[in-house]
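A.B. asks: I'd like to ask some things about the structure below.
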Amino acid sequence: MTTEQTIDTLFLEERRYPPSAEFAAQANATSAIYEEDFESFWARNASERVSWFEPFSTLYEWEPPYTKWFLGGKLNVSYNCVDRHVEHGRGAKVAFHWEGEPDGDLRAITYEDLQHEVVAFANTLKELGVEKGTPVAIYMGMVPELPIAMLACTRLGAPHTVVFGGFSADSLSDRMNDMGCEVLVTQDEAWRRGTTVPLKRIADDAMSDAPGVKTCIVVRRTGNDVPMAEGRDHWYHDVRGSDDPASCPPEPMDAEDLLFLMYTSGTTAKPKGIAHTTGGYLVGAAATHYYVFDLKPDADVYWCAADVGWITGHSYIVYGPLCNGATSVMYEGTPDYPDKDRWWSIIERYGVTILYTAPTAIRSHMKWGPEHAAKHDLTSLRLLGSVGEPINPEAWVWYHENIGGERCPIVDTWWQTETGMILITPLPGVTTTKPGSATQPFPGVDAAVFSESGDEVGPGGGGYLVLKRPWPAMLRGIFGDDARYRETYWSKYDGVYFAGDGARVDEDGDFWLLGRVDDVMNVSGHRISTIEVESALVDHPEVAEAAVAARNDATTGQAIVAFVTLKGGADGSVAKLEELRNHVAQKIGPIAKPANIVFTPELPKTRSGKIMRRLLRDVAENRPLGDTTTLADPTVVEEIRDRGQAEAGKED
Ligand code: 7RM
């Protein structure tokens with residue numbers, strides 16, 4: 001057996017955080033659920049977390065690379081997320097504490113309110129021609145009508161695609177054309193940092209390139225004037241249907257009927273429509289939400305601070321929490337508007353008990369300083385979560401101390417748009433956590449790290465993350481592109497899912513995610529992951545954020561270039577540069593010492609907050625920039641390029 005490794009691992013993190021006895025005593029999970037057999041685990045969760053109109057007859061089928069789950073079962077997602085809670089006497093419970101960005105813009109929406117809203121929206125869609133199977137696009141900001149429209153689609157059995165409200169007209173029309181959408185739901189404008197984003201105008205541009213869209217429903221948010229095309233566009237308040245639940249019963253859907261597409265950008269310009277189906281997705285989202293967040297529906301106030309336009313928002317703002325009957329916070333705006341303590345004020349006012357956010361947000365709060373959180377009483381919090389990128393140990397510890405008051409377990413959850421649900425994560429009350437490690441596969445999930453040639457890498461080794469058996473919320477393919485589906489996920493290894501992430505397993509069998517495999521650097525024959533060098537930099541007390549990329553080098557093959565943001569936005573000196581290089585050498589070894597460092601006030605990020613190292617590579621290589629259409633702020637990379645050129649002389 002070969003034990004060839006494909007990524008060298010250098011960073012050693014030795015801090016350990018065992019669960020407290022108090023947390024463990026009340027936790028939804030115990031270590032026993034890891035012992036449960038895979039089939040009985042999922043069959044039990046399917047019946048405990050979801051109500052079926054007709055029970056399934058076969059748990060799952062696996063004909064690589066396609067899976068089916070809960071075959072023969074019939075269910076409806078809006079029934080599970082809304083009606084059944086009302087039927088069980090919980091209609092007066094708040095589903096969403098919604099907070100708009102403008103001061104005082106608040107709505108508390110109970111499950112009973114939600115039922116009426118969903119029914120009214122579904123009747124509207126129906127009257128405008130939507131039937132079971134009609135594809136609907138939704139292009140909105142974080143307003144209550146966004147989850148309402150999604151649930152209305154699921155009530156009718158109409159598959160949706162939600163396009164994040166920060167995307168351009170081209171992104172929207174591409175997605176609508178790919179899915180064949182006939183109907184678009186949008187809003188007049190969205191609030192963002194005290195100004196407005198003209199969603200309807202952008203939607204108009206998109207519709208001019210998407211002739212299949214015959215109907216557009218416009219929800220009023222800001223109340224400003226927007227153009228309305230006669231015959232095609234309808235104000236929601238003018239066409240709102242009956243809200244009598246009896247007038248619109250939930251459509252019984254097959255477990256394998258398409259629930260939604262979520263487009264995700266790949267290596268080529270054309271985004272992939274990741275397909276999720278009804279039964280498996282709902283069971284996966286609800287079961288993980290229940291165990292990973294230790295949800296107590298009658299006591300918790302849960303807040304996932306992502307945008308509903310991403311998969312995180314679909315699974316952990318809308319479908320998982322509502323299926324579990326949770327009370328959630330939904331916030332429309334940005335974390336620093338009007339002030340940098342907005343999040344902490346929200347947590348204090350609603351008594352939020354569970355917070356789920358991304359490392360990029362945590363690092364922003366670190367950069368702004370702990371004093372903003374310190375102004376508020378955050379003692380209601382009992383559990384914290386992280387998702388989206390590897391979390392640097394320093395950010396993890398900062399989150400633990402400054403937000404969690406050192407009492408809250410942190411769940412670092414690894415998953416993807418494609419996986420639909422969390423796959424690698426601690427279970428709070430059970431798992432001993434380690435800053436920077438997502439720890440263990442969720443019960444019933446079979447993950448491993450493979451070498452280039454497809455051998456399983458043993459403890460300590462780095463390689464490629466794979467999944468060896470299907471899970472209920474697994475993607476059912478790329479919409480309309482079987483060949484690309486097989487090529488992207490199933491061609492590297494036979495019969496196992498290739499996630500495209502580097503990972504290592506340690507002596508305890510815990511997983512450490514190392515970033516996208518395309519970002520791995522090769523210095524003098526050593527394959528080095530970006531996250532380890534970045535974490536060594538962020539470990540320095542003056543560093544807020546860091547991203548590294550490789551450029552070609554005549555001697556070492558590749559050399560590491562680091563892009564660093566200092567706390568408080570300070571400018572870096574030549575002395576600081578040397579200090580940071582030495583810090584990395586001392587932390588993980590001279591091989592990982594950046595050849596040069598560019599100080600920058602911001603890093604280039606996608607709209608969902610992930611660092612775009614591909615563009616930093618272009619900057620490091622002094623090449624023209626590749627595709628920048630998914631950048632949150634396209635000016636950032638130009639600024640970095642100017643600085644990179646100014647600093648080029650400092651390299652040794
Ligand atoms: C949920 C989401 C997926 C990619 C994935 C990873 C990275 C996400 C973590 C993480 C390390 C984590 N879906 N990623 N979570 N890396 N630790 N806890 O983000 O489709 O937008 O992105 O995100 O590279 O492949 S996504």
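Labels used: A, B, ... for chains in the order of the structure tokens, numbers from 1 for residues in each chain, and numbers from 1 for ligands as shown.
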Would you list, as a PyMOL selection string, the residues of region 145-277 of chain A that end up in helix (DSSP H, G or I) under DSSP run on this structure's backbone?
C.D. replies: chain A and resi 145-156+169-179+199-208+236-239+245-247
A.B. asks: Can you build me a table of chain A residues sitting at most 7 Å from ligand 1, with the closest atom pair per residue and its distance in Å to one decimal, using only C-alpha atoms and all ligand atoms, sorted by chain and residue number, as CSV?
C.D. replies:
```
residue,atom,partner,partner_atom_place_in_ligand_line,distance
A:Thr264,CA,ligand 1,20 (O),6.8
A:Trp310,CA,ligand 1,21 (O),7.0
A:Ile311,CA,ligand 1,13 (N),6.2
A:Thr312,CA,ligand 1,1 (C),5.3
A:Ser386,CA,ligand 1,18 (N),6.2
A:Val387,CA,ligand 1,15 (N),4.3
A:Gly388,CA,ligand 1,8 (C),3.5
A:Glu389,CA,ligand 1,10 (C),3.7
A:Pro390,CA,ligand 1,11 (C),3.3
A:Ile391,CA,ligand 1,17 (N),6.3
A:Asp412,CA,ligand 1,18 (N),4.9
A:Thr413,CA,ligand 1,18 (N),4.1
A:Trp414,CA,ligand 1,18 (N),3.6
A:Trp415,CA,ligand 1,1 (C),4.9
A:Gln416,CA,ligand 1,13 (N),3.5
A:Thr417,CA,ligand 1,20 (O),3.7
A:Glu418,CA,ligand 1,20 (O),6.4
A:Ala438,CA,ligand 1,18 (N),5.9
A:Ala499,CA,ligand 1,25 (O),6.2
A:Gly500,CA,ligand 1,25 (O),6.3
A:Asp501,CA,ligand 1,24 (O),5.5
A:Leu513,CA,ligand 1,11 (C),4.9
A:Leu514,CA,ligand 1,11 (C),6.8
A:Gly515,CA,ligand 1,24 (O),5.1
A:Arg516,CA,ligand 1,24 (O),5.1
```
A.B. asks: Write out as a list in words each polymer residue whose atoms come within 10 Å of Asn177 (chain A), counting only C-alpha atoms; drop sequence neighbours fewer than 3 positions from it.
C.D. replies: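 Answer for this query is Leu172, Ser173, Asp174, Gly180, Cys181, Glu182, Ala206, Met207, Asp209, Ala210, Pro211, Gly212 and Val213 of chain A.
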A.B. asks: List the spatial neighbours of region 334-350 of chain A as number ranges by chain - criterion: any atom at most 10 Å away, only C-alpha atoms, same-chain residues fewer than 5 positions off excluded.
C.D. replies: A: 97, 99, 101-103, 191-194, 301-303, 305, 328-329, 355, 361, 364-365, 368-381, 403
A.B. asks: Kindly export the residues of the current selection with N, CA and C atoms, as a short mmCIF file (atom, residue, chain, number, x, y, z; two decimals), in the first residue's frame.
C.D. replies:
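So the final result, stored in selection_7.cif, reads:
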```cif
data_model
loop_
_atom_site.label_atom_id
_atom_site.label_comp_id
_atom_site.auth_asym_id
_atom_site.auth_seq_id
_atom_site.Cartn_x
_atom_site.Cartn_y
_atom_site.Cartn_z
N HIS A 97 -38.13 36.74 13.71
CA HIS A 97 -38.02 38.12 14.14
C HIS A 97 -37.26 38.80 13.02
N GLU A 99 -35.72 41.95 11.08
CA GLU A 99 -35.27 43.32 11.34
C GLU A 99 -34.75 43.92 10.04
N GLU A 101 -33.04 47.00 7.68
CA GLU A 101 -31.85 47.82 7.94
C GLU A 101 -32.20 49.19 8.52
N PRO A 102 -33.22 49.90 7.97
CA PRO A 102 -33.56 51.21 8.55
C PRO A 102 -34.05 51.05 9.99
N ASP A 103 -33.68 52.00 10.80
CA ASP A 103 -33.99 51.96 12.22
C ASP A 103 -35.49 51.76 12.46
N TRP A 191 -32.65 47.81 0.54
CA TRP A 191 -31.86 48.73 1.36
C TRP A 191 -30.47 48.16 1.55
N ARG A 192 -29.48 48.99 1.40
CA ARG A 192 -28.11 48.56 1.70
C ARG A 192 -27.28 49.74 2.15
N ARG A 193 -26.85 49.71 3.43
CA ARG A 193 -26.04 50.79 4.01
C ARG A 193 -26.65 52.15 3.79
N GLY A 194 -27.96 52.25 3.99
CA GLY A 194 -28.61 53.55 3.92
C GLY A 194 -28.90 54.01 2.50
N VAL A 301 -33.45 31.11 20.36
CA VAL A 301 -33.60 32.13 19.33
C VAL A 301 -32.35 31.97 18.46
N TYR A 302 -32.58 31.49 17.24
CA TYR A 302 -31.49 31.07 16.38
C TYR A 302 -31.25 32.12 15.32
N TRP A 303 -29.97 32.41 15.03
CA TRP A 303 -29.67 33.40 13.99
C TRP A 303 -28.54 32.92 13.09
N ALA A 305 -26.57 34.35 10.13
CA ALA A 305 -26.39 35.69 9.57
C ALA A 305 -25.97 35.68 8.10
N SER A 328 -36.36 32.16 14.59
CA SER A 328 -35.12 32.69 14.03
C SER A 328 -35.14 34.20 13.98
N VAL A 329 -33.95 34.76 13.88
CA VAL A 329 -33.78 36.17 13.53
C VAL A 329 -33.43 36.22 12.05
N LEU A 355 -25.68 31.56 17.20
CA LEU A 355 -25.26 32.42 16.09
C LEU A 355 -24.42 31.61 15.12
N ALA A 361 -16.67 37.24 8.26
CA ALA A 361 -17.37 38.19 9.14
C ALA A 361 -16.65 38.26 10.49
N SER A 364 -13.68 40.39 10.14
CA SER A 364 -14.02 41.82 10.09
C SER A 364 -14.25 42.37 11.49
N HIS A 365 -15.00 41.61 12.30
CA HIS A 365 -15.24 42.07 13.67
C HIS A 365 -13.93 42.15 14.46
N TRP A 368 -12.27 45.32 13.51
CA TRP A 368 -12.91 46.51 14.08
C TRP A 368 -12.65 46.62 15.59
N GLY A 369 -12.32 45.50 16.20
CA GLY A 369 -12.00 45.51 17.63
C GLY A 369 -13.13 44.98 18.49
N PRO A 370 -12.79 44.39 19.65
CA PRO A 370 -13.78 43.73 20.51
C PRO A 370 -14.66 44.71 21.27
N GLU A 371 -14.32 46.01 21.22
CA GLU A 371 -15.09 46.96 22.05
C GLU A 371 -16.56 47.08 21.61
N HIS A 372 -16.84 46.79 20.32
CA HIS A 372 -18.23 46.91 19.84
C HIS A 372 -19.11 45.82 20.45
N ALA A 373 -18.58 44.62 20.56
CA ALA A 373 -19.34 43.54 21.19
C ALA A 373 -19.43 43.76 22.70
N ALA A 374 -18.34 44.31 23.26
CA ALA A 374 -18.28 44.49 24.72
C ALA A 374 -19.35 45.45 25.24
N LYS A 375 -19.88 46.31 24.35
CA LYS A 375 -20.94 47.26 24.76
C LYS A 375 -22.27 46.58 25.02
N HIS A 376 -22.41 45.31 24.62
CA HIS A 376 -23.71 44.64 24.69
C HIS A 376 -23.66 43.39 25.55
N ASP A 377 -24.83 43.05 26.08
CA ASP A 377 -24.95 41.85 26.88
C ASP A 377 -25.18 40.66 25.94
N LEU A 378 -24.19 39.82 25.80
CA LEU A 378 -24.30 38.68 24.89
C LEU A 378 -24.46 37.36 25.65
N THR A 379 -24.88 37.45 26.90
CA THR A 379 -24.92 36.23 27.71
C THR A 379 -26.04 35.27 27.31
N SER A 380 -26.96 35.72 26.43
CA SER A 380 -27.98 34.78 25.95
C SER A 380 -27.36 33.71 25.04
N LEU A 381 -26.23 34.01 24.41
CA LEU A 381 -25.61 33.05 23.48
C LEU A 381 -25.18 31.78 24.20
N ILE A 403 -17.06 36.76 21.75
CA ILE A 403 -18.49 36.63 21.45
C ILE A 403 -19.11 35.54 22.33
#
```
A.B. asks: With distances taken over only C-alpha atoms, which of A:Ala447, A:Met228, A:Val183, A:Ala395 is nearest to Asp539 (chain A)?
C.D. replies: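 Nearest to Asp539 (chain A): A:Ala395.
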A.B. asks: Can you work out the spacing between CA of Cys248 (chain A) and CA of Lys126 (chain A) in Å, to one decimal?
C.D. replies: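 Going from CA of Cys248 (chain A) over to CA of Lys126 (chain A) covers 9.2 Å.
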A.B. asks: For Glu638 (chain A), work out the shell of residues within 10 Å, counting only C-alpha atoms and skipping chain neighbours fewer than 3 positions away, then give it as a count of residues only.
C.D. replies: 9
A.B. asks: If we count only C-alpha atoms, what is near Ala255 (chain A) at a cut-off of 12 Å, once residues fewer than 3 positions away on the same chain are taken out, given as number ranges by chain?
C.D. replies: A: 46, 50-60, 68-77, 157, 252, 258-259, 276-283, 472-473
A.B. asks: For N, CA and C atoms, I'd like the residues from the last selection saved as a JSON list (two decimals), in the first residue's frame.
C.D. replies:
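Listed below is the output, part-v3.json:
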```
[["chain", "number", "residue", "atom", "x", "y", "z"],
["A", 46, "ALA", "N", -35.71, 10.61, 9.09],
["A", 46, "ALA", "CA", -36.78, 10.89, 8.13],
["A", 46, "ALA", "C", -38.13, 10.87, 8.83],
["A", 50, "VAL", "N", -39.55, 14.85, 9.78],
["A", 50, "VAL", "CA", -40.38, 15.23, 8.63],
["A", 50, "VAL", "C", -41.70, 14.46, 8.67],
["A", 51, "SER", "N", -42.78, 15.12, 8.24],
["A", 51, "SER", "CA", -44.09, 14.45, 8.13],
["A", 51, "SER", "C", -44.33, 14.08, 6.67],
["A", 52, "TRP", "N", -44.75, 12.85, 6.46],
["A", 52, "TRP", "CA", -44.94, 12.33, 5.10],
["A", 52, "TRP", "C", -46.42, 12.10, 4.83],
["A", 53, "PHE", "N", -46.89, 12.50, 3.64],
["A", 53, "PHE", "CA", -48.27, 12.18, 3.26],
["A", 53, "PHE", "C", -48.37, 10.68, 2.96],
["A", 54, "GLU", "N", -47.30, 10.17, 2.37],
["A", 54, "GLU", "CA", -47.21, 8.72, 2.15],
["A", 54, "GLU", "C", -45.81, 8.30, 2.51],
["A", 55, "PRO", "N", -45.68, 7.21, 3.27],
["A", 55, "PRO", "CA", -44.34, 6.80, 3.71],
["A", 55, "PRO", "C", -43.49, 6.29, 2.54],
["A", 56, "PHE", "N", -42.18, 6.41, 2.66],
["A", 56, "PHE", "CA", -41.31, 5.88, 1.61],
["A", 56, "PHE", "C", -41.19, 4.37, 1.76],
["A", 57, "SER", "N", -40.90, 3.71, 0.65],
["A", 57, "SER", "CA", -40.78, 2.25, 0.70],
["A", 57, "SER", "C", -39.32, 1.80, 0.65],
["A", 58, "THR", "N", -38.46, 2.60, 0.04],
["A", 58, "THR", "CA", -37.04, 2.24, -0.04],
["A", 58, "THR", "C", -36.24, 3.42, 0.48],
["A", 59, "LEU", "N", -35.30, 3.16, 1.39],
["A", 59, "LEU", "CA", -34.52, 4.25, 1.99],
["A", 59, "LEU", "C", -33.71, 4.99, 0.93],
["A", 60, "TYR", "N", -32.90, 4.25, 0.17],
["A", 60, "TYR", "CA", -32.13, 4.92, -0.88],
["A", 60, "TYR", "C", -31.68, 3.94, -1.94],
["A", 68, "LYS", "N", -30.88, 8.29, -5.18],
["A", 68, "LYS", "CA", -32.27, 8.67, -4.90],
["A", 68, "LYS", "C", -32.54, 8.29, -3.46],
["A", 69, "TRP", "N", -33.37, 9.09, -2.79],
["A", 69, "TRP", "CA", -33.66, 8.81, -1.38],
["A", 69, "TRP", "C", -35.17, 8.81, -1.13],
["A", 70, "PHE", "N", -35.55, 7.98, -0.16],
["A", 70, "PHE", "CA", -36.93, 7.93, 0.32],
["A", 70, "PHE", "C", -37.90, 7.66, -0.83],
["A", 71, "LEU", "N", -37.56, 6.66, -1.61],
["A", 71, "LEU", "CA", -38.34, 6.35, -2.81],
["A", 71, "LEU", "C", -39.77, 5.93, -2.44],
["A", 72, "GLY", "N", -40.70, 6.46, -3.19],
["A", 72, "GLY", "CA", -42.10, 6.15, -2.95],
["A", 72, "GLY", "C", -42.75, 7.10, -1.94],
["A", 73, "GLY", "N", -41.91, 7.87, -1.20],
["A", 73, "GLY", "CA", -42.46, 8.79, -0.20],
["A", 73, "GLY", "C", -43.08, 10.02, -0.85],
["A", 74, "LYS", "N", -44.15, 10.53, -0.22],
["A", 74, "LYS", "CA", -44.76, 11.78, -0.70],
["A", 74, "LYS", "C", -44.82, 12.76, 0.47],
["A", 75, "LEU", "N", -44.48, 14.01, 0.15],
["A", 75, "LEU", "CA", -44.43, 15.04, 1.20],
["A", 75, "LEU", "C", -44.54, 16.42, 0.54],
["A", 76, "ASN", "N", -44.73, 17.42, 1.38],
["A", 76, "ASN", "CA", -44.68, 18.79, 0.87],
["A", 76, "ASN", "C", -43.84, 19.64, 1.82],
["A", 77, "VAL", "N", -42.94, 20.42, 1.26],
["A", 77, "VAL", "CA", -41.99, 21.17, 2.08],
["A", 77, "VAL", "C", -42.70, 22.30, 2.85],
["A", 157, "GLY", "N", -45.32, 22.99, -5.70],
["A", 157, "GLY", "CA", -44.45, 22.05, -6.42],
["A", 157, "GLY", "C", -43.74, 22.69, -7.60],
["A", 252, "PRO", "N", -48.99, 17.27, -2.82],
["A", 252, "PRO", "CA", -48.13, 16.13, -2.43],
["A", 252, "PRO", "C", -47.08, 15.88, -3.50],
["A", 258, "LEU", "N", -37.83, 17.70, -8.14],
["A", 258, "LEU", "CA", -36.90, 18.83, -8.01],
["A", 258, "LEU", "C", -37.48, 19.88, -7.06],
["A", 259, "LEU", "N", -36.67, 20.27, -6.06],
["A", 259, "LEU", "CA", -37.11, 21.31, -5.12],
["A", 259, "LEU", "C", -36.57, 22.68, -5.56],
["A", 276, "HIS", "N", -31.30, 20.09, -6.23],
["A", 276, "HIS", "CA", -31.69, 19.45, -4.97],
["A", 276, "HIS", "C", -33.15, 19.03, -5.03],
["A", 277, "THR", "N", -33.42, 17.84, -4.48],
["A", 277, "THR", "CA", -34.78, 17.31, -4.55],
["A", 277, "THR", "C", -35.46, 17.36, -3.17],
["A", 278, "THR", "N", -36.72, 17.00, -3.14],
["A", 278, "THR", "CA", -37.59, 17.33, -2.02],
["A", 278, "THR", "C", -37.30, 16.58, -0.72],
["A", 279, "GLY", "N", -37.39, 15.26, -0.74],
["A", 279, "GLY", "CA", -37.34, 14.49, 0.51],
["A", 279, "GLY", "C", -35.96, 14.46, 1.13],
["A", 280, "GLY", "N", -34.96, 14.08, 0.35],
["A", 280, "GLY", "CA", -33.61, 13.95, 0.88],
["A", 280, "GLY", "C", -33.07, 15.27, 1.38],
["A", 281, "TYR", "N", -33.31, 16.33, 0.62],
["A", 281, "TYR", "CA", -32.81, 17.64, 1.03],
["A", 281, "TYR", "C", -33.44, 18.06, 2.35],
["A", 282, "LEU", "N", -34.76, 17.91, 2.47],
["A", 282, "LEU", "CA", -35.43, 18.37, 3.69],
["A", 282, "LEU", "C", -34.98, 17.57, 4.91],
["A", 283, "VAL", "N", -34.89, 16.26, 4.76],
["A", 283, "VAL", "CA", -34.44, 15.42, 5.88],
["A", 283, "VAL", "C", -33.01, 15.80, 6.28],
["A", 472, "PRO", "N", -28.49, 12.00, 2.15],
["A", 472, "PRO", "CA", -29.80, 12.37, 1.60],
["A", 472, "PRO", "C", -29.83, 13.67, 0.81],
["A", 473, "ALA", "N", -29.10, 14.70, 1.29],
["A", 473, "ALA", "CA", -29.19, 16.02, 0.62],
["A", 473, "ALA", "C", -28.15, 16.19, -0.48]]
```
A.B. asks: Given the choices A:Gly129, A:Glu61, A:Thr6, A:Leu580, which gets closest to Lys214 (chain A) if the distance is worked out from only C-alpha atoms?
C.D. replies: A:Gly129
A.B. asks: Quick one: everything within 10 Å of Leu261 (chain A), counting only C-alpha atoms, minus sequence neighbours fewer than 3 positions away in the same chain. Send it as a ChimeraX atom specification.
C.D. replies: /A:135,137,159-163,175,179,258,264,272-277,311,417,475,477-479
A.B. asks: Per residue of region 268-328 of chain A within 8 Å of region 426-434 of chain A, note the shortest atom pair and the distance in Å to one decimal, counting only C-alpha atoms, and order the rows by chain and increasing residue number, as JSON lines.
C.D. replies:
```
{"residue": "A:Tyr291", "atom": "CA", "partner": "A:Leu427", "partner_atom": "CA", "distance": 6.8}
{"residue": "A:Val292", "atom": "CA", "partner": "A:Leu427", "partner_atom": "CA", "distance": 5.4}
{"residue": "A:Phe293", "atom": "CA", "partner": "A:Pro428", "partner_atom": "CA", "distance": 7.3}
{"residue": "A:Asp294", "atom": "CA", "partner": "A:Pro428", "partner_atom": "CA", "distance": 6.8}
```
